[in-house]
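Dropping upload.tsv in here (TSV, C-alpha atoms and all ligand atoms):
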```tsv
chain	number	residue	atom	x	y	z
I	26	MET	CA	-24.92	-1.25	9.34
I	27	GLU	CA	-23.65	-3.68	6.70
I	28	ARG	CA	-19.87	-3.27	6.47
I	29	VAL	CA	-18.26	-2.09	3.24
I	30	ILE	CA	-14.56	-2.85	2.79
I	31	ILE	CA	-12.19	-1.83	0.01
I	32	HIS	CA	-8.97	-3.63	-0.82
I	33	VAL	CA	-6.46	-1.76	-2.97
I	34	ASP	CA	-3.59	-3.54	-4.72
I	35	MET	CA	-1.10	-1.55	-6.78
I	36	ASP	CA	-0.49	-2.96	-10.27
I	37	TYR	CA	2.96	-4.45	-11.02
I	38	PHE	CA	4.17	-2.09	-8.33
I	39	TYR	CA	7.98	-1.94	-8.59
I	40	ALA	CA	7.92	-2.09	-12.39
I	41	ALA	CA	5.14	0.52	-12.55
I	42	ILE	CA	7.30	2.92	-10.55
I	43	GLU	CA	10.23	2.32	-12.91
I	44	GLU	CA	7.96	2.96	-15.91
I	45	ARG	CA	6.75	6.17	-14.36
I	46	GLU	CA	10.31	7.33	-13.74
I	47	ASP	CA	11.47	6.63	-17.28
I	48	PRO	CA	8.85	7.31	-19.96
I	49	SER	CA	11.07	5.68	-22.60
I	50	LEU	CA	10.16	2.31	-21.01
I	51	LYS	CA	6.54	2.66	-22.09
I	52	GLY	CA	5.37	-0.28	-24.19
I	53	LYS	CA	8.50	-2.32	-23.41
I	54	ALA	CA	8.76	-5.39	-21.25
I	55	VAL	CA	10.17	-4.19	-17.91
I	56	VAL	CA	11.62	-6.70	-15.44
I	57	VAL	CA	12.77	-5.65	-11.97
I	58	CYS	CA	15.43	-8.03	-10.72
I	59	MET	CA	16.79	-8.82	-7.34
I	60	TYR	CA	20.45	-9.51	-7.99
I	61	SER	CA	22.26	-11.78	-5.60
I	62	ASN	CA	25.93	-11.51	-4.73
I	63	ARG	CA	26.59	-13.76	-7.70
I	64	GLY	CA	25.89	-10.77	-9.91
I	65	GLU	CA	23.40	-10.36	-12.71
I	66	GLU	CA	23.40	-14.01	-13.65
I	67	GLY	CA	22.22	-15.22	-10.26
I	68	GLY	CA	19.27	-12.87	-9.80
I	69	ALA	CA	15.55	-13.62	-9.51
I	70	VAL	CA	12.63	-11.63	-10.88
I	71	SER	CA	11.07	-9.41	-8.23
I	72	THR	CA	8.23	-8.35	-10.50
I	73	CYS	CA	7.60	-7.30	-14.09
I	74	ASN	CA	5.08	-5.27	-16.05
I	75	TYR	CA	2.20	-6.81	-17.99
I	76	VAL	CA	4.07	-6.65	-21.33
I	77	ALA	CA	6.69	-8.94	-19.75
I	78	ARG	CA	3.95	-11.17	-18.29
I	79	ASP	CA	2.61	-11.67	-21.82
I	80	ALA	CA	5.97	-13.25	-22.62
I	81	GLY	CA	5.53	-15.63	-19.67
I	82	ILE	CA	7.83	-13.83	-17.23
I	83	ARG	CA	6.80	-14.13	-13.57
I	84	SER	CA	7.91	-13.14	-10.06
I	85	ALA	CA	10.59	-15.41	-8.51
I	86	MET	CA	11.72	-16.74	-11.89
I	87	PRO	CA	15.51	-16.71	-12.45
I	88	CYS	CA	16.45	-13.54	-14.39
I	89	ARG	CA	18.36	-15.68	-16.85
I	90	GLN	CA	15.16	-17.56	-17.71
I	91	ALA	CA	13.28	-14.26	-18.05
I	92	LYS	CA	15.92	-13.07	-20.47
I	93	SER	CA	15.53	-16.16	-22.61
I	94	LEU	CA	11.73	-15.63	-22.72
I	95	ASP	CA	12.16	-12.05	-23.93
I	96	PRO	CA	15.68	-11.02	-24.97
I	97	ASP	CA	14.43	-7.46	-25.63
I	98	ALA	CA	13.09	-6.94	-22.11
I	99	VAL	CA	14.62	-4.14	-20.04
I	100	PHE	CA	16.15	-5.47	-16.80
I	101	LEU	CA	16.44	-3.10	-13.86
I	102	PRO	CA	17.77	-3.63	-10.33
I	103	VAL	CA	15.41	-3.38	-7.35
I	104	ARG	CA	15.46	0.02	-5.61
I	105	LYS	CA	13.60	-0.92	-2.45
I	106	PRO	CA	14.08	2.31	-0.41
I	107	PHE	CA	12.67	4.32	-3.29
I	108	TYR	CA	9.64	2.02	-3.69
I	109	GLU	CA	9.05	2.30	0.05
I	110	GLU	CA	8.85	6.07	-0.23
I	111	VAL	CA	6.30	5.78	-3.05
I	112	SER	CA	4.43	3.22	-0.97
I	113	ALA	CA	4.31	5.65	1.95
I	114	SER	CA	2.77	8.33	-0.28
I	115	VAL	CA	0.22	5.89	-1.69
I	116	MET	CA	-0.70	4.67	1.79
I	117	GLU	CA	-1.31	8.25	2.91
I	118	ILE	CA	-3.76	8.73	0.03
I	119	LEU	CA	-5.52	5.47	0.89
I	120	ARG	CA	-5.65	6.18	4.59
I	121	SER	CA	-7.21	9.57	3.94
I	122	ASN	CA	-10.07	7.82	2.12
I	123	ALA	CA	-10.95	5.46	4.98
I	124	ASP	CA	-13.80	6.19	7.39
I	125	SER	CA	-11.23	7.14	10.02
I	126	GLU	CA	-7.52	6.84	10.75
I	127	GLU	CA	-8.25	3.60	12.57
I	128	SER	CA	-10.20	1.97	9.75
I	129	PHE	CA	-7.12	1.52	7.61
I	130	GLU	CA	-4.85	-1.53	7.40
I	131	LYS	CA	-1.71	-1.77	5.31
I	132	ILE	CA	-0.98	-5.42	4.58
I	133	SER	CA	2.10	-5.16	2.37
I	134	ILE	CA	4.21	-2.60	0.55
I	135	ASP	CA	1.49	-2.19	-2.07
I	136	GLU	CA	-1.78	-3.41	-0.54
I	137	ALA	CA	-4.20	-2.08	2.04
I	138	PHE	CA	-7.75	-2.44	3.37
I	139	LEU	CA	-9.98	0.55	4.05
I	140	GLU	CA	-13.33	0.43	5.75
I	141	ILE	CA	-15.83	2.79	4.09
I	142	THR	CA	-19.03	1.68	5.81
I	143	LYS	CA	-19.82	5.20	6.97
I	144	SER	CA	-18.71	7.20	3.94
I	145	SER	CA	-20.62	4.86	1.62
I	146	GLY	CA	-23.66	4.68	3.90
I	147	SER	CA	-23.44	0.90	3.31
I	148	ASP	CA	-24.43	1.51	-0.29
I	149	PHE	CA	-22.40	-0.44	-2.85
I	150	ASP	CA	-23.03	2.04	-5.70
I	151	THR	CA	-21.62	4.83	-3.56
I	152	ALA	CA	-18.78	2.48	-2.62
I	153	ARG	CA	-17.94	2.01	-6.29
I	154	GLU	CA	-17.78	5.78	-6.74
I	155	ILE	CA	-15.42	6.02	-3.77
I	156	GLY	CA	-13.30	3.26	-5.31
I	157	MET	CA	-13.16	5.11	-8.63
I	158	ARG	CA	-12.19	8.29	-6.84
I	159	ILE	CA	-9.35	6.53	-5.02
I	160	LYS	CA	-8.03	5.12	-8.30
I	161	GLU	CA	-8.17	8.59	-9.82
I	162	GLU	CA	-6.38	10.18	-6.89
I	163	VAL	CA	-3.59	7.59	-6.94
I	164	ARG	CA	-3.22	8.00	-10.69
I	165	GLU	CA	-3.14	11.78	-10.50
I	166	ARG	CA	-0.83	12.12	-7.56
I	167	GLU	CA	1.47	9.13	-8.01
I	168	ARG	CA	1.01	8.38	-11.73
I	169	ILE	CA	0.55	4.64	-11.22
I	170	THR	CA	-2.53	2.41	-11.39
I	171	CYS	CA	-4.13	0.11	-8.88
I	172	SER	CA	-6.86	-2.51	-8.76
I	173	VAL	CA	-9.71	-2.20	-6.32
I	174	GLY	CA	-11.98	-4.80	-4.77
I	175	ILE	CA	-15.08	-3.92	-2.78
I	176	GLY	CA	-17.08	-6.30	-0.63
I	177	PRO	CA	-18.88	-6.83	2.66
I	178	ASN	CA	-15.69	-8.08	4.36
I	179	LYS	CA	-11.90	-8.29	3.94
I	180	LEU	CA	-11.90	-11.76	2.42
I	181	ILE	CA	-14.28	-10.79	-0.38
I	182	ALA	CA	-12.64	-7.38	-0.95
I	183	LYS	CA	-9.21	-8.98	-1.24
I	184	MET	CA	-10.41	-11.63	-3.69
I	185	ALA	CA	-12.36	-9.03	-5.67
I	186	SER	CA	-9.31	-6.81	-6.23
I	187	SER	CA	-7.44	-9.60	-7.99
I	188	PHE	CA	-10.49	-10.51	-10.11
I	189	LYS	CA	-9.77	-7.77	-12.66
I	190	LYS	CA	-6.18	-6.55	-13.04
I	191	PRO	CA	-4.52	-4.26	-13.94
I	192	ASP	CA	-6.45	-1.03	-13.35
I	193	GLY	CA	-9.64	-2.89	-12.47
I	194	ILE	CA	-12.48	-2.38	-10.03
I	195	THR	CA	-14.75	-5.21	-8.87
I	196	VAL	CA	-17.71	-4.78	-6.57
I	197	ILE	CA	-19.22	-7.85	-4.91
I	198	ARG	CA	-22.47	-7.22	-3.05
I	199	PRO	CA	-23.47	-9.55	-0.21
I	200	GLU	CA	-26.04	-11.29	-2.41
I	201	GLU	CA	-23.41	-11.87	-5.13
I	202	MET	CA	-20.81	-13.37	-2.81
I	203	LYS	CA	-21.69	-17.03	-3.24
I	204	ASP	CA	-21.87	-16.90	-7.05
I	205	PHE	CA	-18.55	-15.07	-7.04
I	206	LEU	CA	-16.79	-17.70	-4.92
I	207	ARG	CA	-18.43	-20.96	-6.00
I	208	PRO	CA	-16.66	-21.62	-9.33
I	209	MET	CA	-13.18	-20.59	-8.18
I	210	PRO	CA	-10.50	-23.20	-7.49
I	211	VAL	CA	-9.83	-23.53	-3.74
I	212	LYS	CA	-6.32	-22.10	-4.09
I	213	LYS	CA	-7.91	-18.72	-4.85
I	214	LEU	CA	-9.47	-18.60	-1.39
I	215	TRP	CA	-7.41	-16.01	0.46
I	216	GLY	CA	-5.41	-17.83	3.13
I	217	ILE	CA	-5.24	-21.26	1.53
I	218	GLY	CA	-1.70	-22.48	0.85
I	219	GLY	CA	-0.30	-25.26	-1.28
I	220	VAL	CA	-0.44	-27.93	1.45
I	221	THR	CA	-4.12	-27.29	2.20
I	222	GLU	CA	-4.89	-27.26	-1.50
I	223	GLU	CA	-3.30	-30.71	-1.86
I	224	LYS	CA	-5.14	-32.16	1.13
I	225	LEU	CA	-8.42	-30.81	-0.19
I	226	ALA	CA	-7.69	-32.29	-3.62
I	227	GLU	CA	-7.18	-35.69	-1.94
I	228	MET	CA	-10.64	-35.27	-0.43
I	229	GLY	CA	-12.02	-34.56	-3.90
I	230	ILE	CA	-12.53	-30.86	-3.20
I	231	LYS	CA	-11.39	-28.67	-6.09
I	232	THR	CA	-13.65	-25.60	-6.07
I	233	ILE	CA	-14.67	-23.20	-3.33
I	234	GLY	CA	-18.27	-24.27	-3.99
I	235	GLU	CA	-17.36	-27.89	-3.25
I	236	LEU	CA	-15.60	-26.79	-0.09
I	237	GLU	CA	-18.65	-24.81	1.01
I	238	GLY	CA	-20.88	-27.85	0.49
I	239	HIS	CA	-18.57	-30.22	2.35
I	240	ASP	CA	-19.43	-31.69	5.75
I	241	ILE	CA	-17.88	-29.46	8.41
I	242	LEU	CA	-17.22	-32.39	10.73
I	243	GLU	CA	-15.10	-34.08	8.11
I	244	LEU	CA	-13.18	-30.83	7.54
I	245	ILE	CA	-12.58	-30.59	11.29
I	246	ALA	CA	-11.46	-34.23	11.40
I	247	VAL	CA	-8.81	-33.54	8.77
I	248	PHE	CA	-7.74	-29.98	9.60
I	249	GLY	CA	-8.57	-29.56	13.29
I	250	LYS	CA	-11.28	-27.42	14.82
I	251	ASN	CA	-9.96	-23.93	14.05
I	252	LYS	CA	-8.84	-24.47	10.52
I	253	GLY	CA	-11.76	-26.76	9.64
I	254	THR	CA	-14.26	-24.17	10.82
I	255	TRP	CA	-12.38	-21.39	9.08
I	256	LEU	CA	-12.36	-23.28	5.76
I	257	LYS	CA	-16.10	-23.81	5.88
I	258	GLN	CA	-16.82	-20.20	6.79
I	259	ALA	CA	-14.39	-18.67	4.30
I	260	ALA	CA	-15.81	-20.82	1.50
I	261	SER	CA	-19.23	-19.34	2.17
I	262	GLY	CA	-17.79	-15.81	2.20
I	263	VAL	CA	-17.97	-15.26	5.96
I	264	ASP	CA	-15.19	-13.16	7.47
I	265	GLU	CA	-15.70	-10.97	10.47
I	266	THR	CA	-12.12	-9.85	11.09
I	267	PRO	CA	-11.99	-6.08	11.53
I	268	VAL	CA	-9.98	-3.63	9.47
I	269	LYS	CA	-7.39	-2.57	11.94
I	270	GLU	CA	-3.94	-1.15	11.72
I	271	ARG	CA	-1.48	-3.95	12.52
I	272	THR	CA	1.67	-2.05	13.20
I	273	ALA	CA	1.04	0.41	15.99
I	274	SER	CA	0.06	3.53	14.16
I	275	ASP	CA	2.77	5.50	15.82
I	276	GLN	CA	3.64	7.81	12.99
I	277	ILE	CA	1.96	10.33	10.77
I	278	GLY	CA	3.76	11.46	7.67
I	279	ARG	CA	3.48	12.91	4.19
I	280	MET	CA	5.87	12.78	1.24
I	281	ALA	CA	5.75	14.40	-2.14
I	282	SER	CA	7.87	14.95	-5.23
I	283	LEU	CA	9.08	18.41	-6.13
I	284	LYS	CA	7.78	19.61	-9.51
I	285	HIS	CA	11.24	18.88	-10.85
I	286	ASP	CA	14.58	18.00	-9.24
I	287	THR	CA	15.83	21.21	-7.66
I	288	ARG	CA	17.82	22.94	-4.94
I	289	ASP	CA	15.64	26.03	-5.08
I	290	GLU	CA	15.02	26.83	-1.43
I	291	SER	CA	11.73	28.60	-1.95
I	292	MET	CA	10.33	25.56	-3.78
I	293	ILE	CA	11.67	23.12	-1.21
I	294	PHE	CA	10.53	25.08	1.82
I	295	SER	CA	7.11	25.85	0.44
I	296	LEU	CA	6.51	22.14	-0.25
I	297	LEU	CA	7.83	21.30	3.21
I	298	ASP	CA	5.41	23.83	4.68
I	299	GLU	CA	2.51	22.30	2.77
I	300	LEU	CA	3.43	18.79	3.92
I	301	ALA	CA	3.82	19.95	7.53
I	302	ASP	CA	0.35	21.57	7.41
I	303	ASP	CA	-1.06	18.29	6.19
I	304	VAL	CA	0.62	16.37	8.98
I	305	LEU	CA	-0.61	18.91	11.52
I	306	SER	CA	-4.20	18.64	10.41
I	307	ARG	CA	-4.00	14.88	10.84
I	308	ILE	CA	-2.40	15.21	14.25
I	309	ARG	CA	-5.35	17.39	15.19
I	310	SER	CA	-7.99	15.09	13.85
I	311	ARG	CA	-6.42	12.22	15.77
I	312	LYS	CA	-5.96	14.38	18.86
I	313	VAL	CA	-2.43	13.17	19.52
I	314	GLY	CA	0.83	14.83	20.45
I	315	PHE	CA	4.23	13.80	19.08
I	316	ARG	CA	7.71	13.45	20.51
I	317	SER	CA	9.74	13.19	17.31
I	318	VAL	CA	10.01	14.92	13.96
I	319	THR	CA	11.67	13.25	10.99
I	320	VAL	CA	12.55	14.77	7.65
I	321	THR	CA	13.32	12.60	4.62
I	322	VAL	CA	15.03	13.71	1.45
I	323	ILE	CA	15.44	11.71	-1.74
I	324	LEU	CA	18.17	13.17	-3.93
I	325	SER	CA	18.32	13.17	-7.71
I	326	ASN	CA	20.52	10.05	-7.53
I	327	PHE	CA	17.73	8.34	-5.49
I	328	LYS	CA	19.77	8.26	-2.33
I	329	THR	CA	17.42	8.55	0.63
I	330	SER	CA	18.48	10.26	3.86
I	331	THR	CA	16.59	11.03	7.04
I	332	LYS	CA	17.17	13.22	10.06
I	333	SER	CA	15.20	13.06	13.29
I	334	ARG	CA	14.79	15.04	16.46
I	335	THR	CA	13.21	13.75	19.63
I	336	PHE	CA	11.78	15.89	22.43
I	337	ASN	CA	11.43	15.16	26.13
I	338	HIS	CA	7.72	15.90	26.16
I	339	PRO	CA	4.96	15.42	23.67
I	340	VAL	CA	4.16	18.56	21.71
I	341	SER	CA	1.54	19.34	19.12
I	342	ASP	CA	2.12	22.94	18.04
I	343	VAL	CA	2.91	24.35	14.63
I	344	GLU	CA	6.27	25.81	15.66
I	345	SER	CA	7.72	22.62	17.10
I	346	LEU	CA	6.99	20.85	13.87
I	347	LYS	CA	7.89	23.50	11.33
I	348	GLU	CA	10.95	25.01	12.98
I	349	ASN	CA	12.56	21.63	13.53
I	350	ALA	CA	11.67	20.38	10.07
I	351	GLU	CA	13.06	23.54	8.47
I	352	GLN	CA	16.30	23.33	10.42
I	353	MET	CA	16.83	19.73	9.39
I	354	MET	CA	16.04	20.62	5.78
I	355	GLN	CA	18.58	23.43	5.94
I	356	GLN	CA	21.19	20.92	7.12
I	357	PHE	CA	20.37	18.64	4.18
I	358	LEU	CA	20.90	21.56	1.79
I	359	GLU	CA	24.26	22.30	3.35
I	360	GLU	CA	25.41	18.69	3.27
I	361	SER	CA	24.78	17.92	-0.37
I	362	THR	CA	25.27	19.58	-3.72
I	363	LEU	CA	22.76	17.36	-5.54
I	364	ASN	CA	19.24	18.35	-6.50
I	365	PHE	CA	16.34	17.25	-4.32
I	366	ARG	CA	13.77	14.96	-5.85
I	367	ARG	CA	11.28	14.12	-3.09
I	368	ILE	CA	10.90	15.32	0.45
I	369	GLY	CA	8.85	14.14	3.38
I	370	VAL	CA	8.08	15.03	6.95
I	371	ARG	CA	6.64	12.85	9.66
I	372	VAL	CA	6.03	12.89	13.37
I	373	GLY	CA	6.32	9.90	15.65
I	374	ASN	CA	6.15	8.67	19.25
I	375	LEU	CA	2.53	9.72	19.29
I	376	ASN	CA	0.67	10.18	22.57
I	377	GLU	CA	-2.97	10.66	23.32
I	378	THR	CA	-3.55	14.27	24.27
I	379	ALA	CA	-6.93	13.91	25.91
I	380	GLY	CA	-7.30	16.80	28.30
I	381	GLN	CA	-4.76	18.85	26.40
I	382	LYS	CA	-7.20	20.00	23.81
I	383	SER	CA	-6.36	23.64	24.45
I	384	LEU	CA	-3.00	23.11	22.76
I	385	PHE	CA	-4.81	22.70	19.48
I	386	ASP	CA	-6.93	25.73	19.94
I	387	PHE	CA	-4.11	28.23	19.62
M	401	LIG	P1	2.47	-8.17	-5.88
M	401	LIG	O1	1.33	-7.31	-5.48
M	401	LIG	O2	2.37	-9.64	-5.64
M	401	LIG	O3	2.78	-8.00	-7.43
M	401	LIG	P2	2.80	-6.72	-8.36
M	401	LIG	O4	2.29	-5.50	-7.66
M	401	LIG	O5	4.16	-6.58	-8.94
M	401	LIG	O6	1.84	-7.15	-9.54
M	401	LIG	P3	0.24	-7.28	-9.56
M	401	LIG	O7	-0.19	-6.30	-10.62
M	401	LIG	O8	-0.02	-8.68	-9.94
M	401	LIG	O9	-0.28	-6.92	-8.20
M	401	LIG	O10	3.78	-7.69	-5.14
M	401	LIG	C1	4.04	-6.33	-4.85
M	401	LIG	C2	5.52	-6.04	-5.00
M	401	LIG	O11	6.27	-6.90	-4.15
M	401	LIG	C3	6.03	-6.29	-6.40
M	401	LIG	O12	5.89	-5.16	-7.25
M	401	LIG	C4	7.47	-6.66	-6.16
M	401	LIG	C5	7.48	-7.30	-4.79
M	401	LIG	N1	7.59	-8.77	-4.93
M	401	LIG	C6	8.86	-9.35	-4.88
M	401	LIG	O13	9.86	-8.66	-4.68
M	401	LIG	N2	8.96	-10.71	-5.05
M	401	LIG	C7	7.88	-11.52	-5.28
M	401	LIG	O14	8.02	-12.75	-5.45
M	401	LIG	C8	6.57	-10.90	-5.34
M	401	LIG	C9	5.35	-11.74	-5.60
M	401	LIG	C10	6.50	-9.54	-5.16
M	402	CA	CA	0.36	-5.52	-6.45
```
When written as structure tokens, how does the structure in this file appear?
Ligand code: TTP
Ligand code: CA
Amino acid sequence: MERVIIHVDMDYFYAAIEEREDPSLKGKAVVVCMYSNRGEEGGAVSTCNYVARDAGIRSAMPCRQAKSLDPDAVFLPVRKPFYEEVSASVMEILRSNADSEESFEKISIDEAFLEITKSSGSDFDTAREIGMRIKEEVRERERITCSVGIGPNKLIAKMASSFKKPDGITVIRPEEMKDFLRPMPVKKLWGIGGVTEEKLAEMGIKTIGELEGHDILELIAVFGKNKGTWLKQAASGVDETPVKERTASDQIGRMASLKHDTRDESMIFSLLDELADDVLSRIRSRKVGFRSVTVTVILSNFKTSTKSRTFNHPVSDVESLKENAEQMMQQFLEESTLNFRRIGVRVGNLNETAGQKSLFDF
């Protein structure tokens, strides 16, 4: 079966989350800044929305320079723990759209690969529909947009997702691969850095098409066997690396926002119950047991706290999960007077439970 891979990249991720959190930012240039210990003056731009990009503002630029490009831009400090929670929720949506738990690969806080060979039946029209559905689900549940690339391998999918941004979708069929790559400058080839780009320029190679047409022996002479071969293959769109979770997939979790910030116990516990059911169904489909339960709470002031419990033996029953999660949630309620904004539950220290199937049957 011809593989079908999706790459999803969230649009202006940190700034998009800030826009979502404060509707009054809509239409304004929003710049998220990483302030150093030298205070506001010494910071660098982490990212910015597309209104700010129109003014020439870019990631890694000094905040002072960004301010001079657009004095009316809104500057906000990075809130990494909060973005990580949103990322976790997005990743759960993405993972649930992959062929299986294993055919999912997160590559950064806001990007992931999903293999959909089976669910698309290797059909690229069906794959596009799946891509549209994923965009819709992320928009509905997280109220942010993403760009999607679909191709016969990771290299093409990754390059396709950045072809049309923001909120884009680009499908490259195997027969379209070469036309897609050929005119692009070599620096667009995923995996090529500045040094390689310079060396290639010295050899008179500017486009991916020129790289593809170049003598492989000469590439090997300059870059060595591995890299030379890789350059030639990548330029012709060949990439056989599998979609595979990099970090040991040792946790299963779900997070969600409450309808509004609240301390209402019935609202909090019913959402917790829903999230726990979701986690349980995924534990079952993966046929694993867990040795730890973790509950996360984000308060109305965005402070994130977690509590965990670890057991001696792997378990996989409803009670172990729900009772422990509820007790920890109760403790959170007792410890703080603030409203709750988001909550999450996850299990970890997963073990295969082959031969313990009966546990699930209760
Ligand atoms: P990117 O995906 O590179 O950028 P982006 O999501 O902001 O914008 P785009 O629409 O072009 O995809 O990075 C993801 C997040 O990582 C970004 O929102 C902020 C963070 N980041 C930094 O903190 N510093 C950086 O230099 C870059 C490039 C990103
Ligand atoms: Ca992004």
Inset, instruction - Identify which of the residues I:Asp264, I:Glu109, I:Glu200, I:Asp150 lies closest to ligand LIG 401 (chain M), counting all atoms listed in the file when measuring atom-to-atom distances. - result: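 Of all the options, I:Glu109 lies closest to ligand LIG 401 (chain M).
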Legend entry - Residue nearest ligand LIG 401 (chain M) among I:Ser341, I:Ser187, I:Ser361, I:Thr321 (counting all atoms listed in the file):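 Closest to ligand LIG 401 (chain M), using all atoms listed in the file: I:Ser187.
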Inset, instruction - Check which residues fall inside 7 Å of ligand LIG 401 (chain M) when counting all atoms listed in the file, and print them as a VMD selection string. - result: chain I and resid 34 to 40 70 to 73 84 to 85 134 to 135 190 to 191
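Checking I:Ser261, I:Thr151, I:Thr335, I:Asn376 one by one against Phe205 in chain I, counting only C-alpha atoms, you find the shortest gap at I:Ser261.
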Inset, instruction - Calculate how many Å separate CA of Lys328 in chain I from CA of Arg371 in chain I, rounding to one decimal. - result: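 Between CA of Lys328 in chain I and CA of Arg371 in chain I the gap works out to 18.4 Å.
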Legend entry - Nearest to Lys231 in chain I by atom-to-atom distance, counting all atoms listed in the file, from I:Arg207, I:Lys160, I:Lys250, I:Lys347: I:Arg207
